[in-house]
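For reference, the structure discussed in these notes is given below.
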Number of protein chains: 2
Amino acid sequence: MAQRVRVQNFGVSRDGIGAGAEQTLERPFGHVDPMQLMAWAFTTASFPGMENPEGSRGIEDYLTRDFAHGIGAEIMGRHKFGPQRGAWTDDGWRGWWGEEPPFHTPVVVLTHHEREPLQVGETTFHFVSGTPEEALALARELAGGLDVRIGGGVSTVRQFLDADLIDDMHVAIAPLEYGEGLKLWDSPEDLAGRFTIEKVTAPSGVEHCFLWR
Amino acid sequence: MAQRVRVQNFGVSRDGIGAGAEQTLERPFGHVDPMQLMAWAFTTASFPGMENPEGSRGIEDYLTRDFAHGIGAEIMGRHKFGPQRGAWTDDGWRGWWGEEPPFHTPVVVLTHHEREPLQVGETTFHFVSGTPEEALALARELAGGLDVRIGGGVSTVRQFLDADLIDDMHVAIAPLEYGEGLKLWDSPEDLAGRFTIEKVTAPSGVEHCFLWR
């Protein structure tokens, strides 16, 4: 089937917040606690990088285990890669994920400061500036016919939504409210008309929202 | 992760009927209409052998697209393979699926009448008699470390449940009642205690039931 551009397992609160603005090395999601926002995913058997044979194998495991299937490249914002700002320094940073990142594909990192690619385990990070369209053209090529994941964070997903480049989204709406932070949307209905929208509430209390076109 | 034995996308009515007893060449499911019982699956983008780019990409597409992932072999009953009974005749039957069956793995067909393996497309059918335990031992070996699917029909799934050989089940309970036919269960609660049970109702009206241990 034709190559698609997908957002997978993206967690937001009921008020649409996916992360805090004040990212630090210690708090990659700022005041938002990812262990709380994404609790539903961490308890499944198949969350990438946290596989657990004792984990749940219900509907939410289908969502986490689908992560790598059919994906040939990811695009992420610079803040998903690391907490640095401005020009790169020789600080030895290799991403948040240790020596075996869960991507196992080329990753395009959006940045205003280009640099040489960095290979970590089976993942190669390519640092590129340019428009979302340009980054996507590169990612499509790197993906070798497979789909492209828009991996976040919030601003990156917003950028690709605003440029109307996304085909599929799975957003997990946790039963939490943060009030402030980086906002994906007021509600999924913001995107009505552009996407078919389907919602299913899991026993975890999380509302899984699927959007496709 | 350890090799598991799984039932996937198995359709039954609210009263637990998965097929009629009176199978014929024209009606593989007897009085049960699979297009009705499994309607939820046929409208997704990814149902194996019926892929459709215009299909739905919500929660039920995750269920159909998971079909092949991590599976190294299937076990099926003889009636899933064909409508014949008794000794095999030289009738040229190669299964219901044409020249490219959707399995793409070795398939173990349970029969009282052994015969030589049959290759159709990327699928090889092995015809074996013996206990469920013996068939599973062969399928585990053929699966090369991947999971084994118990593909049905109803009697085959029951046999493997009765022998306590199944680790994971996804059963799709359609909003239909048939009254009579081949029965998987009275309700999923028949298996409470042996499995963790989770249920999620999709917008299609189908109740997806996940059981794992």
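All residue names refer to the structure tokens as shown: chains lettered A, B, ... in order, residues numbered from 1 in each chain, ligands numbered from 1 in order.
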
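If you take only C-alpha atoms and a cut-off of 7 Å, the residues of chain B that reach chain A are Met1, Pro53, Arg57, Gly58, Tyr62, Glu198, Val200, Ala202, Phe210 and Trp212 of chain B.
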
Practice problem: Write out as a list in words which residues come within 7 Å of Thr123 in chain A when counting only C-alpha atoms, dropping same-chain ones fewer than 4 positions away. | Solution: Pro101, Phe103, His104, Thr105, Pro106, Val107 and Gln119 of chain A

Prev. selection, N, CA, C and O atoms, output as a PDB file, in the first residue's frame:
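out.pdb was written with the following content:
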```
ATOM      1  N   PRO A 101      18.644   2.879  20.913  1.00  0.00           N
ATOM      2  CA  PRO A 101      17.365   3.589  20.811  1.00  0.00           C
ATOM      3  C   PRO A 101      16.308   2.685  20.180  1.00  0.00           C
ATOM      4  O   PRO A 101      16.640   1.788  19.393  1.00  0.00           O
ATOM      5  N   PHE A 103      14.225   3.046  17.860  1.00  0.00           N
ATOM      6  CA  PHE A 103      13.732   3.394  16.518  1.00  0.00           C
ATOM      7  C   PHE A 103      14.167   2.389  15.459  1.00  0.00           C
ATOM      8  O   PHE A 103      13.383   1.956  14.627  1.00  0.00           O
ATOM      9  N   HIS A 104      15.438   2.023  15.467  1.00  0.00           N
ATOM     10  CA  HIS A 104      15.975   1.021  14.526  1.00  0.00           C
ATOM     11  C   HIS A 104      15.752   1.406  13.072  1.00  0.00           C
ATOM     12  O   HIS A 104      15.653   0.523  12.197  1.00  0.00           O
ATOM     13  N   THR A 105      15.603   2.679  12.808  1.00  0.00           N
ATOM     14  CA  THR A 105      15.446   3.184  11.435  1.00  0.00           C
ATOM     15  C   THR A 105      16.211   4.511  11.387  1.00  0.00           C
ATOM     16  O   THR A 105      16.593   5.048  12.421  1.00  0.00           O
ATOM     17  N   PRO A 106      16.375   5.066  10.182  1.00  0.00           N
ATOM     18  CA  PRO A 106      16.867   6.440  10.119  1.00  0.00           C
ATOM     19  C   PRO A 106      15.873   7.374  10.828  1.00  0.00           C
ATOM     20  O   PRO A 106      14.659   7.169  10.762  1.00  0.00           O
ATOM     21  N   VAL A 107      16.423   8.380  11.521  1.00  0.00           N
ATOM     22  CA  VAL A 107      15.609   9.401  12.177  1.00  0.00           C
ATOM     23  C   VAL A 107      16.056  10.761  11.660  1.00  0.00           C
ATOM     24  O   VAL A 107      17.256  11.056  11.650  1.00  0.00           O
ATOM     25  N   GLN A 119      25.282   7.864  14.378  1.00  0.00           N
ATOM     26  CA  GLN A 119      24.715   6.525  14.502  1.00  0.00           C
ATOM     27  C   GLN A 119      24.788   6.049  15.943  1.00  0.00           C
ATOM     28  O   GLN A 119      25.831   6.104  16.586  1.00  0.00           O
TER      29      GLN A 119
END
```

Exercise. If you run DSSP over the backbone, which residues in range 107-136 of chain B end up alpha helix (DSSP H)? Put them as a PyMOL selection string.
Key: chain B and resi 132-136

Please write the residues from the selection above to a file, keeping all heavy atoms, as a PDB file, in the first residue's frame.
```pdb
ATOM      1  N   PRO B 132      -3.519 -32.734  20.155  1.00  0.00           N
ATOM      2  CA  PRO B 132      -3.177 -31.313  20.085  1.00  0.00           C
ATOM      3  C   PRO B 132      -1.742 -31.045  20.539  1.00  0.00           C
ATOM      4  O   PRO B 132      -1.038 -30.240  19.931  1.00  0.00           O
ATOM      5  CB  PRO B 132      -4.194 -30.663  21.039  1.00  0.00           C
ATOM      6  CG  PRO B 132      -5.368 -31.581  21.027  1.00  0.00           C
ATOM      7  CD  PRO B 132      -4.795 -32.963  20.869  1.00  0.00           C
ATOM      8  N   GLU B 133      -1.306 -31.771  21.573  1.00  0.00           N
ATOM      9  CA  GLU B 133       0.068 -31.561  22.071  1.00  0.00           C
ATOM     10  C   GLU B 133       1.090 -31.908  20.984  1.00  0.00           C
ATOM     11  O   GLU B 133       2.086 -31.202  20.813  1.00  0.00           O
ATOM     12  CB  GLU B 133       0.342 -32.423  23.314  1.00  0.00           C
ATOM     13  CG  GLU B 133      -0.320 -31.947  24.587  1.00  0.00           C
ATOM     14  CD  GLU B 133      -1.806 -32.347  24.703  1.00  0.00           C
ATOM     15  OE1 GLU B 133      -2.324 -33.013  23.755  1.00  0.00           O
ATOM     16  OE2 GLU B 133      -2.430 -31.993  25.714  1.00  0.00           O
ATOM     17  N   GLU B 134       0.840 -33.002  20.269  1.00  0.00           N
ATOM     18  CA  GLU B 134       1.778 -33.400  19.214  1.00  0.00           C
ATOM     19  C   GLU B 134       1.768 -32.402  18.048  1.00  0.00           C
ATOM     20  O   GLU B 134       2.817 -32.040  17.517  1.00  0.00           O
ATOM     21  CB  GLU B 134       1.435 -34.816  18.715  1.00  0.00           C
ATOM     22  CG  GLU B 134       1.792 -35.909  19.733  1.00  0.00           C
ATOM     23  CD  GLU B 134       1.110 -37.252  19.450  1.00  0.00           C
ATOM     24  OE1 GLU B 134       0.131 -37.292  18.665  1.00  0.00           O
ATOM     25  OE2 GLU B 134       1.557 -38.258  20.042  1.00  0.00           O
ATOM     26  N   ALA B 135       0.577 -31.972  17.664  1.00  0.00           N
ATOM     27  CA  ALA B 135       0.493 -30.986  16.580  1.00  0.00           C
ATOM     28  C   ALA B 135       1.199 -29.690  16.983  1.00  0.00           C
ATOM     29  O   ALA B 135       1.900 -29.073  16.184  1.00  0.00           O
ATOM     30  CB  ALA B 135      -0.977 -30.708  16.251  1.00  0.00           C
ATOM     31  N   LEU B 136       1.020 -29.297  18.233  1.00  0.00           N
ATOM     32  CA  LEU B 136       1.650 -28.059  18.702  1.00  0.00           C
ATOM     33  C   LEU B 136       3.168 -28.192  18.742  1.00  0.00           C
ATOM     34  O   LEU B 136       3.886 -27.252  18.391  1.00  0.00           O
ATOM     35  CB  LEU B 136       1.101 -27.678  20.086  1.00  0.00           C
ATOM     36  CG  LEU B 136       1.645 -26.379  20.663  1.00  0.00           C
ATOM     37  CD1 LEU B 136       1.439 -25.197  19.710  1.00  0.00           C
ATOM     38  CD2 LEU B 136       1.000 -26.080  22.023  1.00  0.00           C
TER      39      LEU B 136
END
```

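CA of Tyr178 in chain A is found 7.0 Å from CA of Asp15 in chain A.
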
Quiz item: Hey, which of B:Val171, B:Gly11, B:Thr24, B:Leu165 ends up closest to Ala39 in chain B? Count only C-alpha atoms.
Solution: B:Gly11

Self-check item: Those in range 107-153 of chain A with strand (DSSP E) from DSSP, as a ChimeraX atom specification
Solution: /A:107-110,115-120,123-128,147-152

Quiz item: If we count only C-alpha atoms, what is near Gly95 in chain B at a cut-off of 7 Å, once residues fewer than 3 positions away on the same chain are taken out, given as a list in words?
Solution: Phe81, Gly82 and Gly98 of chain B
